[in-house]
Structures are given as structure tokens and as C-alpha cells.
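Note sheet for the following structure.
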Amino acid sequence: MNSILEDTVASNEEWELFYNDHEFKKMYIVFAGPYPASPTSSFGHIFILLEPQKERPFLLWNTLDFSADITNIGTIEYLFKGLFGVLNGQYKELSFYEKLREYTLIESRSLWLFPIQLDNEESKKFLFRFYNLGNRIYPYRFTNRNCASQIYNLIKLSIDESFKQENQLVFPHTIINGLKNRIGDPIFIESIDNLLKENAEKIALNTCRSENKLLDSKSVNDALVLNKLEWEYSQDRDHLTSDEKINLQALRKKVSLASNTSYSNFKSYHKEFDIHPTTLSGTGFQMSKRQGIEYLLLYRFGIHEYFENNNVYPSNDYLSLLKIELGIKKNEIKINQLMLFNQTSLQPASYLSNYLSWKLGFGIRQKDEFRDRQLASGVFTGLGYTVSLYEDEITFSLLINAEPVYLHKSGFSFLIAPEIITLWNISDRIKWMNCFKSTMKNIDNPEIYYYLENNLGFEISKKMMLLLSYKHSEYDNFYDIKLNFYIN
Amino acid sequence: MKKSSVFLALFVLLSLSLFLTSCATIATGTTQLVTINSNVDSATVSLDGVTIGKTPFTGKIKKNGKMLTIEKEGYKTYTIALSTSLEGLFWGNIITGGTLGSITDFASGAAYKYAPASYQVELMAKGTSLNNFKQIYELKKYAMINMSNISIDLSKNNGTYLESLIYLTNMEKNEKSIEIIRKQLIESDGDQVHFGNLIVKLLDI
């Protein structure tokens, strides 16, 4: 396999053609938001956007990237390879409108465009290296040979030829940090599903205020329906029926005949980059009647969890690939939690979707609700439904959890636990999570345990969060104070 | 196994399957319904050397097919390597986009997906200039893929999708060019293929 550091000699004529086609006056590093629906994209994606020397509309600008090839693999293989990243990858180019369609429409992901400063010499070096790497297959690794690492190496090598490729974990937003001296404030491009929700809310508002009804509300509504159909058909569909095609065609015609509507199908603005670093560490202590004082140590590798601040992206989807929480007492260190995978999706039902909420996790968890505090090892699943109020500021989820686990004091057990979760974005920096759960142990001879948990998260700074928790079971009360730090 | 355990096992399996399906669309069955159009009608469509129809073609094709060929006398034969993915049939050299050195991609034609399971194949007439072919290809592809957004922009007489289309037609952006685009869209009856064919006529090639 060829290394990124190798340069082959390109034919002069071909290279000149490529250079003339791709010469740029400005480069953007584009970060496509995390996509928890696909394990290969859980931490986002990075690609390059080139503003050409010769002026042309930005939808027609070129993009360059390194991405994994997921063809010819089965479902289980995809999951395994997606999680562990044993795939092949290739350098590719597409027009920006195709990338926009892929990310903002099909995958409902927003984009951050970071301008990066390169001088003429560096720009040329970048293109030359990229050109030489094209049309070949390379190993793609989730950890250190991914979309981010390869683009990062290319840029670093263009800036400094003596740069040595580092064999370490590189994630999409790591490179934003690694190039911070060269990049400017990002431009944010809203995903289509967010735009649809926003437009639908505006229409609903105008319909309610009949005295202020917009003159073009009918045509705005037609445009919204057309945009929504495009979004819907781009999701899980393998073909359109004749009726759907006819409907779409009629709508396109009708919408194009309207005049001066106020519908927006594209939105970009300056917005702070609010993606959490992948790694979090925490420290704190817990007081309880039965346990006394226990010092806590936390490490998590993932996106974010629901008690973290409300400026999280993607909202309502939570993922940890590894989470360890240790409890330390005088001469004892014990595991409170060791999860190897934990994903929760609490997407509220909306104008666009009616998804089920769900959770799935594998690992070991402390069960505080039982008479004897004990560890449960196994699979943690849940299915349910979420509704929201005030533009998703408050969400209510009802989940029925089913957990086939091994309880270390009482053996194998199926636990069934209906649970109500309330999430409230109190302000930009404060979030409250309340959870009420009733766990049923031993289904054939049931024992029921009630458990209440309240978490209040304060964002002290972009890198530091204070978490206060109160947990109540029939047998004990727990008071936690934790300070969490995000590590870039 | 007790009934309650069976119920729980089913619940866990359901949750797991929900997780799996959320990772990707899992296509089932051994065939897939596809539509294949080409810039010239009645081009022969063959799968692994066996003729399956002529363009415009709509029919089921085997997912384990390897090579799709579209040919017509007077045009270069265009071949697409097929492979499968979780999304069903995966047209390697279409969905993944161009590999580097875009000029060489057009050696014998080009193809793209413009709607679910609907593909447009541009065959290259022998003797055609590569630059002209590329210009027509880029304009038609853009118009077909973005037709709904162009309609929405027409309703505002402005917008980034409309602006890019006008740029690709080599026209100036003004009321007249917007009206020309609107006229073509109405004449196409909102059909992507028809719209693409009408739009490329605006190029003075």
C-alpha cells in the first residue's frame, strides 16, 4: 500500500490539466457534523472545498476528500468494519452541490466551513500531493488513517515538508484544533431537515396569526411540501411510484410559477463550532447513606450525553464508545460503570419524522435501585417514544427498557424498566435531566424497585462542566458533585 | 424457555434490529427496480453481456450482476461496474463521484443518479469534442439533480441553485434568463429528464 508521504512522478501534461482545473484562491476545511446513524461517521467527516481562481457560483466549486469504500460488504461486516474501521479508502472529488446534497439532504447533517490560509506555494504543493494520491486504493482505518488524518497530513505536508505523519488517533475536529493558527471563523450551513422544521414553524405561526397572514403563505407552503418530498424521497427509498413522480413533477411546475415567495431552501451564517471533543475526563465525589463518601473518576470517549450542555450537535442523539467510571474509597477501587458501547436516540416526533426512541449498550453498570447495590453486566436496550415542547427546548421520553444482565450478587436476570426521561434546556449553559424508572426484577416472581435521578449540568467554560446529581432509591439517597473536562 | 423470557428475547432482538437498520438502509431481495435513461433513445442495455432492454429502460436487474453496458451505433460503448452495498445496488463509479483526473472520466461517456434508482447515462458520439461533452454533461447533471431546488428559487426569482444553473448555461443572470429557465421548466412538465434535455439546448454548442 502506498503511504501518503510517497510522491510518484505525475505526467507533466496531466498535472498541468489538473492544476488548471483546480487552482484555487481560497481553501475551506469542511466539517460535516457527526452522524450517529452510521458507525463510520459517528465523529463527523472532513473534506476540502476549493474556491477557484476564476469566479464561479460556490455550488460548483470542487471538493476533495478521502473516504471509505463500503461497497460489497454485508450488514454485520459493515457494522464490524464501521466500528473498527478495517476498510479501504480512496481520494475523490465532487462538486460542492453533490456534497451538500449528500450531507445536508440525504444524511441531515449540518456543515461548518473553516477558511484556511495557504500561500500560493503551499496551495500548489497541496494540489500536487493530492493529484499524485488519486486513483489508488489505500487502507482506511477508523483511528489513524481516516478522512481527517489524511487531509490533515496533506495540509501539514504542504505547509512544512519536514512534517512527519504521526501514528495517533485523529478525529475530524482534532484537525480543526491542530490547524487553529491557520483557520478562520467558520461559516455554518444548516441541514435541510432543520430548515424544513424552521419553515414549517413559520408557516404554522403565520396561519395562527390570521390577521398577519403572509400573502404568499400558499406558495411558501407548496415550496415547503416540495422540499419536504425531496428530503423524504432521499431517505430510505429505492424507487418512486408513478403517483409520487407525477405529484413531484406537478409540484415543481406549480412552485416555479409562483413569484416572490419568502421560502428559504439554503441557509448559511457565522456560527461557533459547537462540537464536543471526543474525549472527556471527570472527577468528583458521591455521598450516600450506605456508601459514605466515594471519590469518582470518569473517562469517556464518544460524542456527548444528555445531561451535557444544550449546544450539542447532533441534538437528541447520544453516543459513547467507551465509558469508565471508577469509585475510590480508602483501600478500595471499584468499577461503577464500564460500557463498551452505549447509544441513545431520543429524537422527538416532529413535522418530519415519527421515529421511535431507542437505546442500546453493552457493558457493566452499577445498579443503585436494588436493596443491595450491585453490578449488572450484559446488554441494555430500550424502546420508546419522545415528544417535545417549545421548539425542542423540553422533551419527554417514555422508554421501556429490557436488560438481560448478570447481577453479580443474584445471578442472571431479565430486568424490565419503564422509564420517563425529561430533558430541559434551561439556558444556553444549563441543562436539567430528570429520570424516573421502575425496575422489575424476576418477572415470574416480580420485585419492583423505584428510582429517581436528577442531573443539573452547568457549562462553566467550553472545556469544563459541573454536574450536580441527586439520585433516590427506596434504600438510599446519593448526592454527586462532578467536574468534567473535555480533552482535545 | 418461559414465555416471559421469550418475550424479552424478542424485545432485545427488536431493539438490536432497530439499531442495525438505523445504521443504513438494508435492501432485501435479489433484484432491484431501476430506471436507466440515456441522451440517445434506444441504446441497448446489457447486463453481463445479456441484452435486457433499450433506453429509456425501467425494469428489475439482478443485484449480483457485475457489468452493465449501454451501447448504440455511432457512440462509444459505456460500461458501468456494478457492486452491492447496504443501499442496494451500488454503481461504483457514480455514487462515489469522480476519481481524480476528471478529464479521463469522460473517455467513453458518463453516468449519474438523479433520483432514487434512476440513472442518466450520457453516451459520447464518436468524434465529439471532450470539452463540449463535458460542458453538456455538467449542465444536464446539475439541472436534473437540482430541479426541485431550481423550482423553489424560481418562485423567489433568485437563489443559489438558480444562479449556478444560469452560470452553467453561459447566460447573464437577469430577468430574461430567469424567464427562459422558467419556460423550460414549465415545458418539461416538471420531469427531470425532459428538463435536462431542454436546458442543454440553451448551450450554443
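Starting from 1 in every chain, residues are counted up; chains themselves are A, B, ... following the order of the C-alpha cells, and ligands are numbered from 1 as listed.
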* To do: Please identify which residues in segment 35-162 of chain B DSSP calls strand (DSSP E or B) from the backbone, and express them as a count of residues only.
  => 52
* Running DSSP on the backbone, which parts of segment 55-189 of chain B land in alpha helix (DSSP H), as number ranges by chain? -> B: 92-95, 102-105, 130-145, 147-154, 160-168, 175-187
Selection above as a file: N, CA and C atoms, as a short mmCIF file (atom, residue, chain, number, x, y, z; two decimals), in the first residue's frame:
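Contents of the output file again29.cif:
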data_model
loop_
_atom_site.label_atom_id
_atom_site.label_comp_id
_atom_site.auth_asym_id
_atom_site.auth_seq_id
_atom_site.Cartn_x
_atom_site.Cartn_y
_atom_site.Cartn_z
N GLY B 92 -20.59 1.85 -8.50
CA GLY B 92 -19.31 2.34 -8.01
C GLY B 92 -18.86 3.66 -8.59
N ASN B 93 -18.84 3.76 -9.91
CA ASN B 93 -18.28 4.99 -10.49
C ASN B 93 -19.31 6.11 -10.61
N ILE B 94 -20.47 5.93 -9.94
CA ILE B 94 -21.46 7.01 -9.99
C ILE B 94 -21.61 7.66 -8.62
N ILE B 95 -22.04 6.85 -7.67
CA ILE B 95 -22.36 7.44 -6.37
C ILE B 95 -21.11 7.99 -5.70
N SER B 102 -10.31 14.37 -13.60
CA SER B 102 -11.68 14.28 -14.11
C SER B 102 -11.76 14.14 -15.62
N ILE B 103 -10.78 14.64 -16.34
CA ILE B 103 -10.83 14.58 -17.80
C ILE B 103 -10.92 13.12 -18.26
N THR B 104 -10.13 12.25 -17.62
CA THR B 104 -10.10 10.86 -18.07
C THR B 104 -11.41 10.14 -17.76
N ASP B 105 -12.23 10.67 -16.84
CA ASP B 105 -13.51 10.04 -16.53
C ASP B 105 -14.45 10.02 -17.72
N LEU B 130 -14.17 16.57 -26.42
CA LEU B 130 -14.28 16.24 -25.00
C LEU B 130 -14.80 17.42 -24.18
N ASN B 131 -14.34 18.62 -24.54
CA ASN B 131 -14.78 19.81 -23.79
C ASN B 131 -16.27 20.06 -23.94
N ASN B 132 -16.77 19.90 -25.18
CA ASN B 132 -18.21 20.08 -25.40
C ASN B 132 -19.01 19.05 -24.62
N PHE B 133 -18.53 17.81 -24.66
CA PHE B 133 -19.23 16.73 -23.97
C PHE B 133 -19.30 17.03 -22.47
N LYS B 134 -18.16 17.48 -21.95
CA LYS B 134 -18.07 17.75 -20.51
C LYS B 134 -19.02 18.90 -20.11
N GLN B 135 -19.08 19.91 -20.97
CA GLN B 135 -19.94 21.06 -20.68
C GLN B 135 -21.42 20.65 -20.64
N ILE B 136 -21.80 19.84 -21.62
CA ILE B 136 -23.20 19.38 -21.68
C ILE B 136 -23.50 18.49 -20.48
N TYR B 137 -22.57 17.59 -20.19
CA TYR B 137 -22.74 16.66 -19.07
C TYR B 137 -22.93 17.42 -17.75
N GLU B 138 -22.06 18.39 -17.51
CA GLU B 138 -22.13 19.14 -16.24
C GLU B 138 -23.44 19.90 -16.09
N LEU B 139 -23.87 20.52 -17.19
CA LEU B 139 -25.11 21.31 -17.14
C LEU B 139 -26.32 20.39 -16.92
N LYS B 140 -26.39 19.30 -17.68
CA LYS B 140 -27.55 18.43 -17.58
C LYS B 140 -27.62 17.76 -16.21
N LYS B 141 -26.49 17.30 -15.75
CA LYS B 141 -26.44 16.65 -14.44
C LYS B 141 -26.91 17.61 -13.35
N TYR B 142 -26.38 18.82 -13.40
CA TYR B 142 -26.75 19.81 -12.39
C TYR B 142 -28.25 20.09 -12.44
N ALA B 143 -28.78 20.29 -13.66
CA ALA B 143 -30.20 20.65 -13.82
C ALA B 143 -31.10 19.53 -13.33
N MET B 144 -30.74 18.29 -13.65
CA MET B 144 -31.60 17.17 -13.26
C MET B 144 -31.58 16.92 -11.75
N ILE B 145 -30.38 16.93 -11.19
CA ILE B 145 -30.26 16.64 -9.75
C ILE B 145 -30.91 17.74 -8.90
N MET B 147 -33.35 19.95 -9.74
CA MET B 147 -34.54 20.55 -10.35
C MET B 147 -35.53 21.12 -9.32
N SER B 148 -35.76 20.40 -8.22
CA SER B 148 -36.73 20.90 -7.23
C SER B 148 -36.23 22.20 -6.60
N ASN B 149 -34.93 22.26 -6.29
CA ASN B 149 -34.39 23.49 -5.71
C ASN B 149 -34.42 24.64 -6.71
N ILE B 150 -34.24 24.32 -7.99
CA ILE B 150 -34.32 25.36 -9.02
C ILE B 150 -35.76 25.89 -9.08
N SER B 151 -36.74 24.99 -8.96
CA SER B 151 -38.15 25.42 -8.94
C SER B 151 -38.40 26.38 -7.79
N ILE B 152 -37.86 26.02 -6.62
CA ILE B 152 -38.06 26.86 -5.43
C ILE B 152 -37.40 28.23 -5.65
N ASP B 153 -36.20 28.22 -6.22
CA ASP B 153 -35.53 29.50 -6.50
C ASP B 153 -36.30 30.33 -7.52
N LEU B 154 -36.91 29.66 -8.48
CA LEU B 154 -37.71 30.40 -9.47
C LEU B 154 -38.89 31.10 -8.81
N THR B 160 -29.38 30.52 -4.89
CA THR B 160 -28.08 29.99 -5.26
C THR B 160 -28.16 28.86 -6.29
N TYR B 161 -29.26 28.08 -6.24
CA TYR B 161 -29.39 26.97 -7.21
C TYR B 161 -29.68 27.51 -8.61
N LEU B 162 -30.50 28.53 -8.69
CA LEU B 162 -30.84 29.15 -9.97
C LEU B 162 -29.61 29.85 -10.55
N GLU B 163 -28.90 30.53 -9.68
CA GLU B 163 -27.71 31.28 -10.10
C GLU B 163 -26.68 30.34 -10.74
N SER B 164 -26.47 29.18 -10.12
CA SER B 164 -25.49 28.22 -10.65
C SER B 164 -25.94 27.67 -11.99
N LEU B 165 -27.24 27.42 -12.13
CA LEU B 165 -27.74 26.89 -13.40
C LEU B 165 -27.52 27.91 -14.52
N ILE B 166 -27.84 29.17 -14.23
CA ILE B 166 -27.67 30.21 -15.24
C ILE B 166 -26.20 30.32 -15.63
N TYR B 167 -25.33 30.21 -14.64
CA TYR B 167 -23.88 30.27 -14.91
C TYR B 167 -23.48 29.15 -15.88
N LEU B 168 -23.99 27.94 -15.63
CA LEU B 168 -23.60 26.79 -16.47
C LEU B 168 -24.15 26.90 -17.90
N GLU B 175 -33.53 39.19 -15.58
CA GLU B 175 -34.94 38.77 -15.67
C GLU B 175 -35.18 37.86 -16.86
N LYS B 176 -34.50 38.20 -17.97
CA LYS B 176 -34.72 37.44 -19.21
C LYS B 176 -34.25 35.99 -19.04
N SER B 177 -33.05 35.82 -18.49
CA SER B 177 -32.53 34.44 -18.34
C SER B 177 -33.38 33.65 -17.34
N ILE B 178 -33.87 34.35 -16.30
CA ILE B 178 -34.72 33.64 -15.32
C ILE B 178 -36.01 33.18 -16.02
N GLU B 179 -36.56 34.04 -16.86
CA GLU B 179 -37.79 33.66 -17.58
C GLU B 179 -37.53 32.49 -18.53
N ILE B 180 -36.35 32.48 -19.15
CA ILE B 180 -36.02 31.36 -20.07
C ILE B 180 -35.99 30.04 -19.30
N ILE B 181 -35.37 30.07 -18.14
CA ILE B 181 -35.28 28.84 -17.32
C ILE B 181 -36.69 28.41 -16.88
N ARG B 182 -37.49 29.41 -16.46
CA ARG B 182 -38.85 29.09 -16.01
C ARG B 182 -39.64 28.43 -17.16
N LYS B 183 -39.47 28.98 -18.36
CA LYS B 183 -40.20 28.46 -19.53
C LYS B 183 -39.80 27.00 -19.79
N GLN B 184 -38.50 26.72 -19.68
CA GLN B 184 -38.04 25.35 -19.92
C GLN B 184 -38.60 24.40 -18.87
N LEU B 185 -38.67 24.89 -17.64
CA LEU B 185 -39.18 24.03 -16.56
C LEU B 185 -40.66 23.72 -16.76
N ILE B 186 -41.43 24.73 -17.19
CA ILE B 186 -42.86 24.52 -17.44
C ILE B 186 -43.03 23.55 -18.62
N GLU B 187 -42.24 23.79 -19.65
CA GLU B 187 -42.34 22.94 -20.85
C GLU B 187 -41.98 21.48 -20.54
#
* Can you work out which one of B:Gly74, B:Gly109, B:Gly49, B:Gly59 has the shortest atom-to-atom distance to chain A, counting only C-alpha atoms? =>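 Checking each of B:Gly74, B:Gly109, B:Gly49, B:Gly59 against chain A, counting only C-alpha atoms, the winner is B:Gly59.
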Write out as a tab-separated table (two decimals) with C-alpha atoms, in the first residue's frame the residues lying within 9 Å of Thr79 of chain B, counting only C-alpha atoms and excluding same-chain residues fewer than 6 positions away.
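Below is the file part-v4.tsv, written as the result:
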chain	number	residue	atom	x	y	z
B	67	MET	CA	-21.21	-5.21	-15.56
B	68	LEU	CA	-23.84	-3.03	-17.18
B	69	THR	CA	-23.22	-1.91	-20.75
B	70	ILE	CA	-25.05	0.77	-22.70
B	71	GLU	CA	-24.30	0.97	-26.41
B	108	SER	CA	-16.37	6.88	-23.17
B	109	GLY	CA	-19.25	8.73	-21.53
* To one decimal in Å, tell me the separation between atom CA of Lys202 of chain A and atom CA of Lys271 of chain A. => 21.5 Å
* Gln32 of chain B: which residues within 10 Å, counting only C-alpha atoms, same-chain residues fewer than 6 positions away excluded, as number ranges by chain? -> A: 238-239; B: 59-63, 88-89, 117
* **Among the residues A:Cys147, A:Met433, A:Ile328, A:Val225, the one that comes closest to chain B [using only C-alpha atoms]** =>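 Looking at the shortest contact to chain B, the residue is A:Val225.
The residue set within 6 Å of segment 86-89 of chain A, counting only C-alpha atoms and dropping same-chain residues fewer than 2 places from it, reads Ser67, Ala68, Asp69, Lys81, Phe84, Ile137, Tyr138, Pro139, Tyr140 and Arg141 of chain A.
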* To do: Find the spatial neighbours of Leu229 of chain A, counting only C-alpha atoms, within a cut-off of 12 Å - ignore same-chain residues fewer than 6 positions away - and output them as a ChimeraX atom specification.
  => /A:105-106,192-193,196,222-223,235,237,240,244-245,247-249,251-252,352 /B:115,148-149
Print the selection's residues with C-alpha atoms to a file, as a JSON list (two decimals), in the first residue's frame.
[["chain", "number", "residue", "atom", "x", "y", "z"],
["A", 105, "LEU", "CA", -30.28, 16.47, 2.49],
["A", 106, "ILE", "CA", -29.71, 12.70, 2.49],
["A", 192, "ILE", "CA", -32.26, 20.54, 5.21],
["A", 193, "ASP", "CA", -34.27, 18.86, 7.97],
["A", 196, "LEU", "CA", -37.77, 22.33, 6.92],
["A", 222, "ASP", "CA", -46.07, 24.50, -1.77],
["A", 223, "ALA", "CA", -42.32, 25.12, -1.72],
["A", 235, "GLN", "CA", -34.17, 8.86, 2.73],
["A", 237, "ARG", "CA", -36.26, 4.85, -0.74],
["A", 240, "LEU", "CA", -40.57, 6.26, -6.50],
["A", 244, "GLU", "CA", -45.17, 10.02, -6.41],
["A", 245, "LYS", "CA", -43.32, 11.03, -9.59],
["A", 247, "ASN", "CA", -47.06, 14.56, -7.78],
["A", 248, "LEU", "CA", -43.46, 15.76, -7.61],
["A", 249, "GLN", "CA", -43.50, 16.93, -11.22],
["A", 251, "LEU", "CA", -45.43, 20.50, -7.66],
["A", 252, "ARG", "CA", -42.18, 21.58, -9.33],
["A", 352, "LEU", "CA", -40.65, 15.44, 9.51],
["B", 115, "ALA", "CA", -33.47, 10.26, -8.30],
["B", 148, "SER", "CA", -36.73, 20.90, -7.23],
["B", 149, "ASN", "CA", -34.39, 23.49, -5.71]]
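Distances from B:Asn64, B:Asn39, B:Asn174, B:Gln120 to chain A were compared using only C-alpha atoms, and the smallest one belongs to B:Asn64.
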* To do: Have a look at B:Thr51, B:Thr169, B:Ser155, B:Asn197 and name the one nearest to chain A; count only C-alpha atoms.
  =>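 Of B:Thr51, B:Thr169, B:Ser155, B:Asn197, the one nearest chain A, counting only C-alpha atoms, is B:Ser155.
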* Might you pull out every residue within 6 Å of segment 37-53 of chain A, with only C-alpha atoms counted and same-chain residues fewer than 6 positions away left off, and present them as a list of chain:residue names? =>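 Residues meeting the cut-off are A:Glu23, A:Phe24, A:Lys25, A:Lys26, A:Met27, A:Tyr28, A:Ile29, A:Val30, A:Phe31, A:Trp61, A:Asn62, A:Thr63, A:Leu64, A:Asp65, A:Gly82, A:Leu83, A:Cys147, A:Ala148, A:Pro172, B:Ser22, B:Cys23.
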